[in-house]
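Below is one structure; the comments refer to it alone.
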Amino acid sequence: MVILPLSSDDIIVIAKQVGLDDVAIVAPCRLNEDARFMDDWVSRGLHGQMTYLERNREKRYDPRELVDDCRTMVIGLLTYEHSGHDYHRAVKSKLYDLYGKLAEYHPELLDGKQRIFCDSAPVLERRWAEIAGLGTIAKNHQLVHRTLGSWVHIGELMLPLALAERKADGAIHQLPCSSCSLCEDACPGKALSGEWNATRCVAYVTHKCIVCQQVCPLNNHVI
Ligand code: SF4
Ligand code: SF4
């Protein structure tokens with residue numbers, strides 16, 4: 001029996017079958033604009049205690065510097081509701097399931113060059129998800145998906161296989177942020193007033209603040 005390689009459309013279908021709430025396929029590149037912004041932002045100390053942002057900069061700006069031979073990124077979203085207590089594990093588990101299915105059709109993937117991450121490597125995940133059409137980054141710095149809202153975790157499967165891009169339909173083309181200040185007003189550290197200042201964001205220190213997501217009207221229909 002001849003096993004045909006999977007198309008990108010097939011992979012999207014399988015990714016949803018294994019339980020990802022939305023998924024897209026993009027080709028990696030260097031994010032030059034983000035690199036310029038972050039270099040400037042870090043040089044002014046606005047990253048606060050996140051000293052890890054001072055390291056691995058080229059890896060962060062270009063996934064091909066992080067993973068040798070990375071030619072495709074399959075980016076998946078999993079809602080908080082489907083993630084349970086350990087979201088890293090839940091998201092990675094779905095991506096491993098997807099990888100297992102892909103490897104059945106692409107035996108060349110069995111060489112172990114794939115990598116799977118979820119908030120566990122220097123990857124600009126929100127930006128990549130936005131580029132992939134999986135949402136839009138709003139004033140509260142969260143990725144907001146058109147139907148899932150911002151209650152989503154992001155993970156990525158990096159593959160040494162060139163696949164056709166398939167962007168998702170999760171972007172919000174007209175954010176209401178220019179006429180809304182609910183997140184700014186509610187933020188306990190006033191981190192969202194003016195230029196983004198991570199030193200004032202409680203979540204970067206304790207991981208326990210979700211106020212700017214709770215008050216966001218973009219989440220009303222998904223809470
Ligand atoms: S609370 Fe308002 S300003 Fe903040 S992200 Fe949501 S819509 Fe935008
Ligand atoms: S997570 Fe909390 S502290 Fe950080 S920006 Fe949002 S509301 Fe402000």
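Each chain of the structure tokens is named A, B, ... in the order shown, its residues numbered from 1; ligands are numbered from 1 in display order.
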Subject >> Residues within 10 Å of ligand 2, counting only C-alpha atoms and all ligand atoms, as a ChimeraX atom specification >> reply: /A:139-142,182-193,196-215
Just N, CA and C atoms for this one: save the residues we selected as a JSON list (two decimals), in the first residue's frame.
```json
[["chain", "number", "residue", "atom", "x", "y", "z"],
["A", 139, "LYS", "N", -5.19, 45.66, 23.13],
["A", 139, "LYS", "CA", -4.50, 46.61, 24.01],
["A", 139, "LYS", "C", -4.02, 45.96, 25.31],
["A", 140, "ASN", "N", -4.70, 44.93, 25.75],
["A", 140, "ASN", "CA", -4.27, 44.25, 26.98],
["A", 140, "ASN", "C", -3.14, 43.26, 26.73],
["A", 141, "HIS", "N", -2.57, 43.29, 25.52],
["A", 141, "HIS", "CA", -1.43, 42.44, 25.12],
["A", 141, "HIS", "C", -1.77, 40.97, 25.03],
["A", 142, "GLN", "N", -3.05, 40.65, 25.05],
["A", 142, "GLN", "CA", -3.46, 39.26, 24.89],
["A", 142, "GLN", "C", -3.80, 39.00, 23.42],
["A", 182, "LEU", "N", -11.27, 49.77, 29.44],
["A", 182, "LEU", "CA", -11.64, 48.94, 30.60],
["A", 182, "LEU", "C", -10.43, 48.21, 31.18],
["A", 183, "CYS", "N", -9.57, 47.68, 30.32],
["A", 183, "CYS", "CA", -8.41, 46.95, 30.84],
["A", 183, "CYS", "C", -7.41, 47.90, 31.50],
["A", 184, "GLU", "N", -7.21, 49.06, 30.87],
["A", 184, "GLU", "CA", -6.29, 50.05, 31.46],
["A", 184, "GLU", "C", -6.77, 50.47, 32.84],
["A", 185, "ASP", "N", -8.06, 50.77, 32.92],
["A", 185, "ASP", "CA", -8.62, 51.28, 34.18],
["A", 185, "ASP", "C", -8.58, 50.21, 35.27],
["A", 186, "ALA", "N", -8.78, 48.95, 34.88],
["A", 186, "ALA", "CA", -8.88, 47.87, 35.89],
["A", 186, "ALA", "C", -7.51, 47.32, 36.30],
["A", 187, "CYS", "N", -6.49, 47.56, 35.52],
["A", 187, "CYS", "CA", -5.17, 46.96, 35.80],
["A", 187, "CYS", "C", -4.64, 47.45, 37.15],
["A", 188, "PRO", "N", -4.36, 46.53, 38.07],
["A", 188, "PRO", "CA", -3.92, 46.96, 39.40],
["A", 188, "PRO", "C", -2.57, 47.65, 39.40],
["A", 189, "GLY", "N", -1.74, 47.35, 38.42],
["A", 189, "GLY", "CA", -0.39, 47.96, 38.40],
["A", 189, "GLY", "C", -0.30, 49.12, 37.42],
["A", 190, "LYS", "N", -1.41, 49.44, 36.75],
["A", 190, "LYS", "CA", -1.42, 50.49, 35.71],
["A", 190, "LYS", "C", -0.38, 50.20, 34.62],
["A", 191, "ALA", "N", -0.19, 48.93, 34.35],
["A", 191, "ALA", "CA", 0.82, 48.53, 33.35],
["A", 191, "ALA", "C", 0.40, 48.86, 31.93],
["A", 192, "LEU", "N", -0.91, 49.04, 31.72],
["A", 192, "LEU", "CA", -1.41, 49.24, 30.35],
["A", 192, "LEU", "C", -1.61, 50.71, 30.01],
["A", 193, "SER", "N", -1.33, 51.59, 30.96],
["A", 193, "SER", "CA", -1.51, 53.01, 30.69],
["A", 193, "SER", "C", -0.23, 53.54, 30.05],
["A", 196, "TRP", "N", 3.68, 50.04, 27.21],
["A", 196, "TRP", "CA", 3.63, 48.77, 27.95],
["A", 196, "TRP", "C", 4.85, 48.64, 28.84],
["A", 197, "ASN", "N", 4.58, 48.47, 30.13],
["A", 197, "ASN", "CA", 5.66, 48.38, 31.11],
["A", 197, "ASN", "C", 5.49, 47.12, 31.93],
["A", 198, "ALA", "N", 6.29, 46.11, 31.60],
["A", 198, "ALA", "CA", 6.14, 44.81, 32.25],
["A", 198, "ALA", "C", 6.48, 44.87, 33.73],
["A", 199, "THR", "N", 7.28, 45.86, 34.12],
["A", 199, "THR", "CA", 7.64, 45.94, 35.55],
["A", 199, "THR", "C", 6.41, 46.22, 36.41],
["A", 200, "ARG", "N", 5.34, 46.71, 35.78],
["A", 200, "ARG", "CA", 4.13, 47.02, 36.55],
["A", 200, "ARG", "C", 3.07, 45.93, 36.44],
["A", 201, "CYS", "N", 3.35, 44.90, 35.66],
["A", 201, "CYS", "CA", 2.35, 43.85, 35.45],
["A", 201, "CYS", "C", 2.51, 42.76, 36.50],
["A", 202, "VAL", "N", 1.48, 42.58, 37.31],
["A", 202, "VAL", "CA", 1.51, 41.59, 38.37],
["A", 202, "VAL", "C", 1.71, 40.18, 37.81],
["A", 203, "ALA", "N", 1.11, 39.93, 36.66],
["A", 203, "ALA", "CA", 1.14, 38.57, 36.10],
["A", 203, "ALA", "C", 2.56, 38.13, 35.75],
["A", 204, "TYR", "N", 3.43, 39.08, 35.42],
["A", 204, "TYR", "CA", 4.79, 38.69, 35.06],
["A", 204, "TYR", "C", 5.59, 38.25, 36.27],
["A", 205, "VAL", "N", 5.10, 38.63, 37.44],
["A", 205, "VAL", "CA", 5.79, 38.24, 38.67],
["A", 205, "VAL", "C", 5.10, 37.03, 39.30],
["A", 206, "THR", "N", 3.77, 37.05, 39.36],
["A", 206, "THR", "CA", 3.06, 36.00, 40.10],
["A", 206, "THR", "C", 2.28, 35.03, 39.20],
["A", 207, "HIS", "N", 2.09, 35.39, 37.93],
["A", 207, "HIS", "CA", 1.27, 34.59, 37.00],
["A", 207, "HIS", "C", -0.17, 34.49, 37.49],
["A", 208, "LYS", "N", -0.59, 35.39, 38.38],
["A", 208, "LYS", "CA", -1.92, 35.21, 38.96],
["A", 208, "LYS", "C", -2.92, 36.31, 38.61],
["A", 209, "CYS", "N", -2.61, 37.15, 37.68],
["A", 209, "CYS", "CA", -3.56, 38.22, 37.37],
["A", 209, "CYS", "C", -4.18, 37.98, 35.99],
["A", 210, "ILE", "N", -5.50, 37.99, 35.96],
["A", 210, "ILE", "CA", -6.19, 37.87, 34.67],
["A", 210, "ILE", "C", -7.24, 38.98, 34.54],
["A", 211, "VAL", "N", -7.07, 40.03, 35.35],
["A", 211, "VAL", "CA", -8.06, 41.11, 35.38],
["A", 211, "VAL", "C", -8.31, 41.69, 34.00],
["A", 212, "CYS", "N", -7.22, 41.92, 33.24],
["A", 212, "CYS", "CA", -7.41, 42.58, 31.94],
["A", 212, "CYS", "C", -8.11, 41.68, 30.93],
["A", 213, "GLN", "N", -8.18, 40.40, 31.23],
["A", 213, "GLN", "CA", -8.98, 39.51, 30.38],
["A", 213, "GLN", "C", -10.41, 39.45, 30.87],
["A", 214, "GLN", "N", -10.56, 39.50, 32.20],
["A", 214, "GLN", "CA", -11.92, 39.41, 32.77],
["A", 214, "GLN", "C", -12.79, 40.59, 32.37],
["A", 215, "VAL", "N", -12.18, 41.77, 32.29],
["A", 215, "VAL", "CA", -13.00, 42.96, 32.00],
["A", 215, "VAL", "C", -13.19, 43.19, 30.50]]
```
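The protein and nucleic acid residues lying at most 9 Å from Arg166 (chain A) are Ser8, Asp9, Ile12, Val23, Ala24, Ile25, Val26, Ala132, Leu163, Ala164 and Ala168 of chain A, with only C-alpha atoms considered and sequence neighbours fewer than 2 positions away removed.
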Could you write those residues out with N, CA and C atoms, as a PDB file, in the first residue's frame?
```
ATOM      1  N   SER A   8      -1.587  20.138   3.709  1.00  0.00           N
ATOM      2  CA  SER A   8      -1.784  21.056   4.840  1.00  0.00           C
ATOM      3  C   SER A   8      -3.232  21.039   5.306  1.00  0.00           C
ATOM      4  N   ASP A   9      -4.156  20.923   4.359  1.00  0.00           N
ATOM      5  CA  ASP A   9      -5.573  20.873   4.746  1.00  0.00           C
ATOM      6  C   ASP A   9      -5.852  19.625   5.593  1.00  0.00           C
ATOM      7  N   ILE A  12      -4.649  20.242   9.141  1.00  0.00           N
ATOM      8  CA  ILE A  12      -5.568  21.091   9.920  1.00  0.00           C
ATOM      9  C   ILE A  12      -6.718  20.236  10.462  1.00  0.00           C
ATOM     10  N   VAL A  23      -6.121  26.029  14.721  1.00  0.00           N
ATOM     11  CA  VAL A  23      -4.763  25.687  14.288  1.00  0.00           C
ATOM     12  C   VAL A  23      -4.463  26.368  12.966  1.00  0.00           C
ATOM     13  N   ALA A  24      -3.181  26.622  12.720  1.00  0.00           N
ATOM     14  CA  ALA A  24      -2.769  27.205  11.447  1.00  0.00           C
ATOM     15  C   ALA A  24      -1.351  26.733  11.144  1.00  0.00           C
ATOM     16  N   ILE A  25      -0.971  26.873   9.886  1.00  0.00           N
ATOM     17  CA  ILE A  25       0.357  26.427   9.447  1.00  0.00           C
ATOM     18  C   ILE A  25       1.057  27.615   8.794  1.00  0.00           C
ATOM     19  N   VAL A  26       2.255  27.940   9.291  1.00  0.00           N
ATOM     20  CA  VAL A  26       2.998  29.064   8.716  1.00  0.00           C
ATOM     21  C   VAL A  26       4.466  28.694   8.544  1.00  0.00           C
ATOM     22  N   ALA A 132      -0.374  33.961  12.083  1.00  0.00           N
ATOM     23  CA  ALA A 132      -1.051  32.776  11.552  1.00  0.00           C
ATOM     24  C   ALA A 132      -2.563  32.950  11.453  1.00  0.00           C
ATOM     25  N   LEU A 163       5.755  22.697   4.312  1.00  0.00           N
ATOM     26  CA  LEU A 163       4.331  22.510   4.036  1.00  0.00           C
ATOM     27  C   LEU A 163       3.744  23.835   3.562  1.00  0.00           C
ATOM     28  N   ALA A 164       2.690  23.758   2.793  1.00  0.00           N
ATOM     29  CA  ALA A 164       2.015  24.985   2.349  1.00  0.00           C
ATOM     30  C   ALA A 164       1.358  25.668   3.546  1.00  0.00           C
ATOM     31  N   ALA A 168      -5.444  30.743   9.705  1.00  0.00           N
ATOM     32  CA  ALA A 168      -6.759  30.558  10.311  1.00  0.00           C
ATOM     33  C   ALA A 168      -7.600  31.824  10.104  1.00  0.00           C
TER      34      ALA A 168
END
```
Compile the contact shell of region 103-120 of chain A as a compact mmCIF listing (two decimals) with C-alpha atoms, in the first residue's frame: residues with an atom at most 9 Å away, counting only C-alpha atoms, same-chain residues fewer than 2 positions apart removed.
```
# COMPACT_ATOMS: atom_id res chain seq x y z
CA ILE A 3 0.97 6.03 1.78
CA LEU A 4 0.54 9.48 0.31
CA PRO A 5 1.92 12.50 2.15
CA LEU A 6 -0.63 14.61 3.97
CA VAL A 67 15.33 24.79 15.84
CA ASP A 68 17.73 23.60 13.17
CA ASP A 69 15.95 22.74 9.93
CA CYS A 70 12.64 24.24 11.06
CA TYR A 87 -1.79 23.75 30.34
CA HIS A 88 1.80 23.12 29.20
CA ARG A 89 1.17 19.42 29.38
CA VAL A 91 -1.19 21.67 24.81
CA LYS A 92 1.98 19.64 24.25
CA LEU A 95 0.69 18.50 19.57
CA TYR A 96 2.44 15.17 20.23
CA LEU A 98 -0.73 15.43 15.97
CA TYR A 99 2.96 14.71 15.38
CA GLY A 100 2.31 10.97 15.87
CA LYS A 101 -0.36 11.03 13.17
CA PRO A 122 12.07 31.63 23.36
CA VAL A 123 9.31 31.87 20.78
CA GLU A 125 4.07 32.89 20.50
CA HIS A 153 -3.01 28.86 25.36
CA ILE A 154 -0.66 28.72 22.39
CA GLY A 155 1.65 25.89 21.40
CA GLU A 156 3.71 25.08 18.34
CA LEU A 157 5.03 22.05 16.51
CA MET A 158 8.19 22.89 14.58
CA LEU A 159 8.78 20.60 11.62
CA PRO A 160 11.71 20.04 9.26
CA LEU A 161 9.18 19.62 6.48
```
**OP:** Please identify which residues in region 46-188 of chain A DSSP calls strand (DSSP E) from the backbone, and express them as number ranges by chain.
**Re:** A: 72-79, 115-117, 136-137, 143-144, 152-159
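Restricting the calculation to only C-alpha atoms, the smallest distance between Asp97 (chain A) and any of A:Gln17, A:Gln49, A:Ser181, A:Asn219 is found for A:Gln17.
Residues within 9 Å of region 37-44 of chain A, counting only C-alpha atoms and excluding same-chain residues fewer than 5 positions away, are Asn32, Thr51, Leu53, Glu54 and Arg57 of chain A.
Across A:Ser178, A:Ser83, A:Thr72, A:Ser93, the tightest approach to ligand 1 is made by A:Ser178 when counting only C-alpha atoms and all ligand atoms.
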**OP:** Please identify all polymer residues within 10 Å of Gly149 (chain A), counting only C-alpha atoms, omitting same-chain residues fewer than 2 positions from it, and present them as number ranges by chain.
**Re:** A: 79, 135-136, 142-147, 151-152, 170, 172, 213, 216-223
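Considering only C-alpha atoms and all ligand atoms, the residue among A:Cys180, A:Leu124, A:Ile11, A:Leu148 positioned nearest to ligand 1 is A:Cys180.
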Subject >> Option closest in space to ligand 1, from A:Ala15, A:Met73, A:Ala162, A:Ala138 [counting only C-alpha atoms and all ligand atoms] >> reply: A:Ala138
